[in-house]
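Each remark here refers to the structure printed beneath this line.
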Amino acid sequence: MTVKIEVIAGGLPHDQIMIAGLVGSLVGIYLTYLNVLTNSYIFSFFGGLGAVCALVWGSHAIKVLCSYGIGTGVPSAGYISLGSGVLAMLFAGRFGVAAPIVGLILAAIIGAILGFLANNVLMMKIPVMIQSITELAVIGALALMGLSAMASGSFLFAGMSTGTSTFLGMVTTSYGNSFIGLSLIAVIFILNMIAIQAPFNATLGPSWQQDRMLWMAAEAGFLTMIVVAVMSFAFLSLSAALVSLAVSIILWAYTYSMYITLSKRDAAFWLDSKPIKEPEGH
Amino acid sequence: MGGVIGGFLGGLGGTLIYYVLLKWVYVGKLVGVLQATAGADITPVAISLAGIFAIGTFLVNATLAAYNITGTIEGPHDPKFARWPRAVVASAVASSVCGIVAIAITAF
């Protein structure tokens, strides 16, 4: 039996963050479907925005779980989240337009099984374990689906694994030049893993503040979006990739400045140190 | 020595997942899933899928095993080592769930 070692006082309740993150990420992922309806790629960046909603929710879900002493450190929660999420997300890609909903349900089932195993077989006996692992699996699936849709323009398995290659002016279908064929999903997997666990890992401690962690989670999410926007140059039209890149950089700069402001607010003392100038010529 | 043996077993398990998914499942079935024309090279997709599913299953198992010993262990002489049967049960169930999903993606 473990003991709750930290208490959340004040700030937004977890249920509100959960509902906002769930709705925000589903809406963001579904808005990328406008790509299919309008036959363009310009709406891909909505997938990234949806993923950021999921990541903000994820950082708080990890906070709720890790406020009990689980003994394995914060990153382990990120690993189990993305590890179970990637299974659900790729499987759900086979279900056409219902993919985000199928991914949500399947991830919740896998997460509930893993939470049950941890609590009742491994005898962790943490009250929030089953709910937290279920949430984390759903977050992992939605964040991966959002960023994959942003990079490849589609959240469907066929869209992610089919690319084109040009040979002597002829455009042919190529599976090797696709989002999954190039294994870019592994890069997005690791980027998501960092973005989901870094905020709480970086801000935990006696002076933990909820708003500072949530702004940092958004900042980490937009930083991930910048990298994904660079990847999307390979799969999307130039204009769509440039829109993604611009949106990511602007939102990242805004959230980063907010995070720095809040860090200064919570810091005991702020010294703007300059590099030490060493005299040369000795 | 405990760490070396554990690393060997973990790597062996991950490799088994990857090899079986790639050779026995994806190489044969993905042509139908992607509705690829005959002769199209689906190997990159098969390798990538088997790899990412192996990573996912491996990380789920690794985290559950770490939860079992609540983080750290000193070796086989540690009293926490006696909990290993629980980890076998949990990992077997978790791997089965992950494996069913990984194979079911080619099922229809």
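Numbering starts fresh at 1 for the residues of each chain in the structure tokens, the chains themselves are lettered A, B, ... in the order given, and ligands are numbered from 1 as they appear.
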
Chain A contacts to chain B at 8 Å (only C-alpha atoms) as a ChimeraX atom specification: /A:70-73,76-77,79-80,82-84,86-88,90-91,94,110,113-114,117-118,121-124,158,161,174-176,180-183,185-186

Can you tell me which residues surround Met129 of chain A at a distance of at most 7 Å, considering only C-alpha atoms, apart from same-chain residues fewer than 6 positions away, and format the answer as a PyMOL selection string? chain A and resi 65+115+119

Residue contacts of Leu156 of chain A (10 Å, only C-alpha atoms) excluding same-chain residues fewer than 3 positions away, as a ChimeraX atom specification: /A:33,89-100,145,148-149,152-153,159-161

Backbone DSSP call of helix (DSSP H, G or I) for segment 119-214 of chain A, listed as a ChimeraX atom specification: /A:119-121,129-152,157-161,184-203,210-214

Just the selected residues (C-alpha atoms), exported as an mmCIF file, in the first residue's frame, please.
data_model
loop_
_atom_site.group_PDB
_atom_site.id
_atom_site.type_symbol
_atom_site.label_atom_id
_atom_site.label_comp_id
_atom_site.auth_asym_id
_atom_site.auth_seq_id
_atom_site.Cartn_x
_atom_site.Cartn_y
_atom_site.Cartn_z
ATOM 1 C CA ASN A 119 -3.257 -2.896 -9.125
ATOM 2 C CA ASN A 120 -4.566 -6.423 -8.542
ATOM 3 C CA VAL A 121 -1.892 -8.772 -9.880
ATOM 4 C CA MET A 129 -4.149 3.404 -10.831
ATOM 5 C CA ILE A 130 -6.826 1.943 -13.118
ATOM 6 C CA GLN A 131 -8.314 5.319 -14.023
ATOM 7 C CA SER A 132 -4.905 6.908 -14.589
ATOM 8 C CA ILE A 133 -3.498 4.132 -16.794
ATOM 9 C CA THR A 134 -6.762 4.122 -18.785
ATOM 10 C CA GLU A 135 -6.504 7.890 -19.292
ATOM 11 C CA LEU A 136 -2.824 7.652 -20.190
ATOM 12 C CA ALA A 137 -3.429 4.970 -22.835
ATOM 13 C CA VAL A 138 -6.174 7.105 -24.402
ATOM 14 C CA ILE A 139 -3.882 10.154 -24.301
ATOM 15 C CA GLY A 140 -1.067 8.199 -25.942
ATOM 16 C CA ALA A 141 -3.346 7.012 -28.741
ATOM 17 C CA LEU A 142 -4.875 10.449 -29.383
ATOM 18 C CA ALA A 143 -1.567 12.344 -29.241
ATOM 19 C CA LEU A 144 0.054 9.893 -31.665
ATOM 20 C CA MET A 145 -2.950 9.995 -33.972
ATOM 21 C CA GLY A 146 -2.984 13.796 -33.988
ATOM 22 C CA LEU A 147 0.696 14.204 -34.760
ATOM 23 C CA SER A 148 0.631 11.388 -37.337
ATOM 24 C CA ALA A 149 -2.280 13.126 -39.053
ATOM 25 C CA MET A 150 -0.317 16.372 -38.989
ATOM 26 C CA ALA A 151 2.743 14.767 -40.592
ATOM 27 C CA SER A 152 1.032 12.568 -43.176
ATOM 28 C CA PHE A 157 -3.685 3.402 -41.817
ATOM 29 C CA ALA A 158 -3.828 3.375 -45.599
ATOM 30 C CA GLY A 159 -2.980 7.071 -45.799
ATOM 31 C CA MET A 160 -0.066 6.717 -43.386
ATOM 32 C CA SER A 161 1.464 3.729 -45.163
ATOM 33 C CA LEU A 184 8.800 8.303 -38.857
ATOM 34 C CA ILE A 185 6.155 6.969 -36.472
ATOM 35 C CA ALA A 186 9.027 5.842 -34.225
ATOM 36 C CA VAL A 187 10.351 9.419 -34.099
ATOM 37 C CA ILE A 188 6.895 10.773 -33.246
ATOM 38 C CA PHE A 189 6.554 8.034 -30.619
ATOM 39 C CA ILE A 190 9.705 9.193 -28.823
ATOM 40 C CA LEU A 191 8.885 12.909 -29.221
ATOM 41 C CA ASN A 192 5.453 12.310 -27.670
ATOM 42 C CA MET A 193 7.022 10.330 -24.858
ATOM 43 C CA ILE A 194 9.296 13.254 -23.992
ATOM 44 C CA ALA A 195 6.504 15.804 -24.290
ATOM 45 C CA ILE A 196 4.104 13.869 -22.061
ATOM 46 C CA GLN A 197 6.412 13.239 -19.116
ATOM 47 C CA ALA A 198 8.847 16.162 -19.227
ATOM 48 C CA PRO A 199 6.446 18.826 -17.887
ATOM 49 C CA PHE A 200 5.743 17.106 -14.586
ATOM 50 C CA ASN A 201 9.284 15.758 -14.314
ATOM 51 C CA ALA A 202 10.672 19.267 -14.765
ATOM 52 C CA THR A 203 8.272 21.158 -12.513
ATOM 53 C CA GLN A 210 -0.427 23.701 -11.753
ATOM 54 C CA ASP A 211 -0.561 26.570 -14.245
ATOM 55 C CA ARG A 212 3.201 26.530 -14.735
ATOM 56 C CA MET A 213 3.162 22.785 -15.500
ATOM 57 C CA LEU A 214 0.227 23.084 -17.911
#

So which residues touch Gln209 of chain A within 12 Å, counting only C-alpha atoms, skipping near sequence neighbours fewer than 2 positions away, as a list in words? Val7, Ile8, Ala9, Gly10, Gly11, Leu12, His60, Lys63, Pro199, Phe200, Ala202, Thr203, Leu204, Gly205, Pro206, Ser207, Asp211, Arg212, Met213, Leu214, Trp215, Met216, Tyr259, Leu262, Ser263, Arg265, Asp266 and Ala267 of chain A

Those residues you just picked out, can you put them in a file as an mmCIF file, in the first residue's frame with C-alpha atoms?
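Listed below is the output, out-v2.cif:
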data_model
loop_
_atom_site.group_PDB
_atom_site.id
_atom_site.type_symbol
_atom_site.label_atom_id
_atom_site.label_comp_id
_atom_site.auth_asym_id
_atom_site.auth_seq_id
_atom_site.Cartn_x
_atom_site.Cartn_y
_atom_site.Cartn_z
ATOM 1 C CA VAL A 7 -1.996 16.995 -2.576
ATOM 2 C CA ILE A 8 -3.332 19.239 -5.299
ATOM 3 C CA ALA A 9 -4.629 22.424 -3.666
ATOM 4 C CA GLY A 10 -6.439 25.028 -5.717
ATOM 5 C CA GLY A 11 -6.205 25.236 -9.487
ATOM 6 C CA LEU A 12 -8.385 23.432 -11.998
ATOM 7 C CA HIS A 60 -1.879 16.387 -15.418
ATOM 8 C CA LYS A 63 0.735 14.330 -11.941
ATOM 9 C CA PRO A 199 6.446 18.826 -17.887
ATOM 10 C CA PHE A 200 5.743 17.106 -14.586
ATOM 11 C CA ALA A 202 10.672 19.267 -14.765
ATOM 12 C CA THR A 203 8.272 21.158 -12.513
ATOM 13 C CA LEU A 204 7.698 18.708 -9.638
ATOM 14 C CA GLY A 205 8.795 19.573 -6.164
ATOM 15 C CA PRO A 206 7.668 21.679 -3.219
ATOM 16 C CA SER A 207 7.022 24.728 -5.405
ATOM 17 C CA ASP A 211 -0.561 26.570 -14.245
ATOM 18 C CA ARG A 212 3.201 26.530 -14.735
ATOM 19 C CA MET A 213 3.162 22.785 -15.500
ATOM 20 C CA LEU A 214 0.227 23.084 -17.911
ATOM 21 C CA TRP A 215 1.849 25.961 -19.812
ATOM 22 C CA MET A 216 5.036 23.946 -20.022
ATOM 23 C CA TYR A 259 6.247 29.555 -19.154
ATOM 24 C CA LEU A 262 5.487 31.907 -14.647
ATOM 25 C CA SER A 263 8.941 30.510 -13.819
ATOM 26 C CA ARG A 265 6.916 34.399 -10.751
ATOM 27 C CA ASP A 266 7.579 31.158 -8.837
ATOM 28 C CA ALA A 267 11.333 31.562 -8.517
#

For Leu236 of chain A, work out the shell of residues within 12 Å, counting only C-alpha atoms and skipping chain neighbours fewer than 5 positions away, then give it as a compact mmCIF listing (two decimals) with N, CA and C atoms, in the first residue's frame.
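Full text of part.txt as output:
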# COMPACT_ATOMS: atom_id res chain seq x y z
N ASN A 35 -9.22 17.73 -44.81
CA ASN A 35 -8.29 17.46 -45.91
C ASN A 35 -8.95 16.60 -46.97
N ASN A 39 -10.08 18.00 -50.44
CA ASN A 39 -9.01 17.52 -51.31
C ASN A 39 -7.77 18.42 -51.25
N SER A 40 -7.35 18.77 -50.04
CA SER A 40 -6.14 19.56 -49.86
C SER A 40 -5.42 19.03 -48.62
N TYR A 41 -4.31 19.65 -48.26
CA TYR A 41 -3.56 19.24 -47.08
C TYR A 41 -3.51 20.35 -46.03
N ILE A 42 -4.22 21.46 -46.31
CA ILE A 42 -3.99 22.68 -45.54
C ILE A 42 -4.47 22.55 -44.10
N PHE A 43 -5.38 21.60 -43.81
CA PHE A 43 -5.95 21.49 -42.47
C PHE A 43 -5.17 20.54 -41.57
N SER A 44 -3.99 20.07 -42.04
CA SER A 44 -3.26 19.06 -41.28
C SER A 44 -2.85 19.54 -39.90
N PHE A 45 -2.56 20.86 -39.76
CA PHE A 45 -2.02 21.33 -38.49
C PHE A 45 -3.02 21.17 -37.34
N ALA A 149 -1.43 12.47 -38.06
CA ALA A 149 -2.28 13.13 -39.05
C ALA A 149 -1.65 14.43 -39.52
N MET A 150 -0.96 15.12 -38.61
CA MET A 150 -0.32 16.37 -38.99
C MET A 150 0.83 16.11 -39.97
N ALA A 151 1.59 15.03 -39.74
CA ALA A 151 2.74 14.77 -40.59
C ALA A 151 2.33 14.20 -41.94
N SER A 152 1.34 13.28 -41.94
CA SER A 152 1.03 12.57 -43.18
C SER A 152 -0.24 13.05 -43.84
N GLY A 153 -1.03 13.91 -43.17
CA GLY A 153 -2.25 14.43 -43.76
C GLY A 153 -3.46 13.54 -43.55
N SER A 154 -3.29 12.39 -42.88
CA SER A 154 -4.41 11.47 -42.72
C SER A 154 -4.22 10.67 -41.45
N GLY A 159 -3.60 5.80 -45.47
CA GLY A 159 -2.98 7.07 -45.80
C GLY A 159 -1.58 7.20 -45.23
N MET A 160 -1.38 6.60 -44.03
CA MET A 160 -0.07 6.72 -43.39
C MET A 160 0.96 5.78 -44.00
N GLY A 163 2.69 6.17 -49.87
CA GLY A 163 3.30 7.43 -50.32
C GLY A 163 3.45 7.42 -51.83
N THR A 164 4.07 8.45 -52.36
CA THR A 164 4.32 8.50 -53.80
C THR A 164 5.80 8.75 -54.03
N SER A 178 6.45 6.28 -47.47
CA SER A 178 5.29 6.71 -46.71
C SER A 178 5.70 7.00 -45.26
N PHE A 179 4.74 7.55 -44.51
CA PHE A 179 4.99 7.92 -43.12
C PHE A 179 5.40 6.71 -42.29
N VAL A 228 7.45 18.02 -36.13
CA VAL A 228 6.54 17.28 -37.01
C VAL A 228 6.23 18.09 -38.26
N ALA A 229 6.13 19.42 -38.12
CA ALA A 229 5.89 20.27 -39.29
C ALA A 229 7.04 20.15 -40.28
N VAL A 230 8.27 20.06 -39.77
CA VAL A 230 9.41 19.87 -40.67
C VAL A 230 9.30 18.53 -41.39
N MET A 231 8.89 17.48 -40.65
CA MET A 231 8.69 16.17 -41.30
C MET A 231 7.65 16.26 -42.40
N ALA A 241 2.54 22.56 -45.44
CA ALA A 241 3.63 22.37 -44.49
C ALA A 241 4.09 23.71 -43.92
N LEU A 242 4.09 24.77 -44.78
CA LEU A 242 4.50 26.09 -44.28
C LEU A 242 3.49 26.62 -43.26
N VAL A 243 2.19 26.39 -43.52
CA VAL A 243 1.17 26.81 -42.55
C VAL A 243 1.39 26.10 -41.22
N SER A 244 1.64 24.77 -41.28
CA SER A 244 1.89 24.00 -40.06
C SER A 244 3.08 24.57 -39.30
N LEU A 245 4.15 24.84 -40.04
CA LEU A 245 5.37 25.34 -39.40
C LEU A 245 5.13 26.70 -38.75

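Taking atom CA of Val27 of chain A and atom CA of Trp252 of chain A as the two end points, the separation is 20.4 Å.
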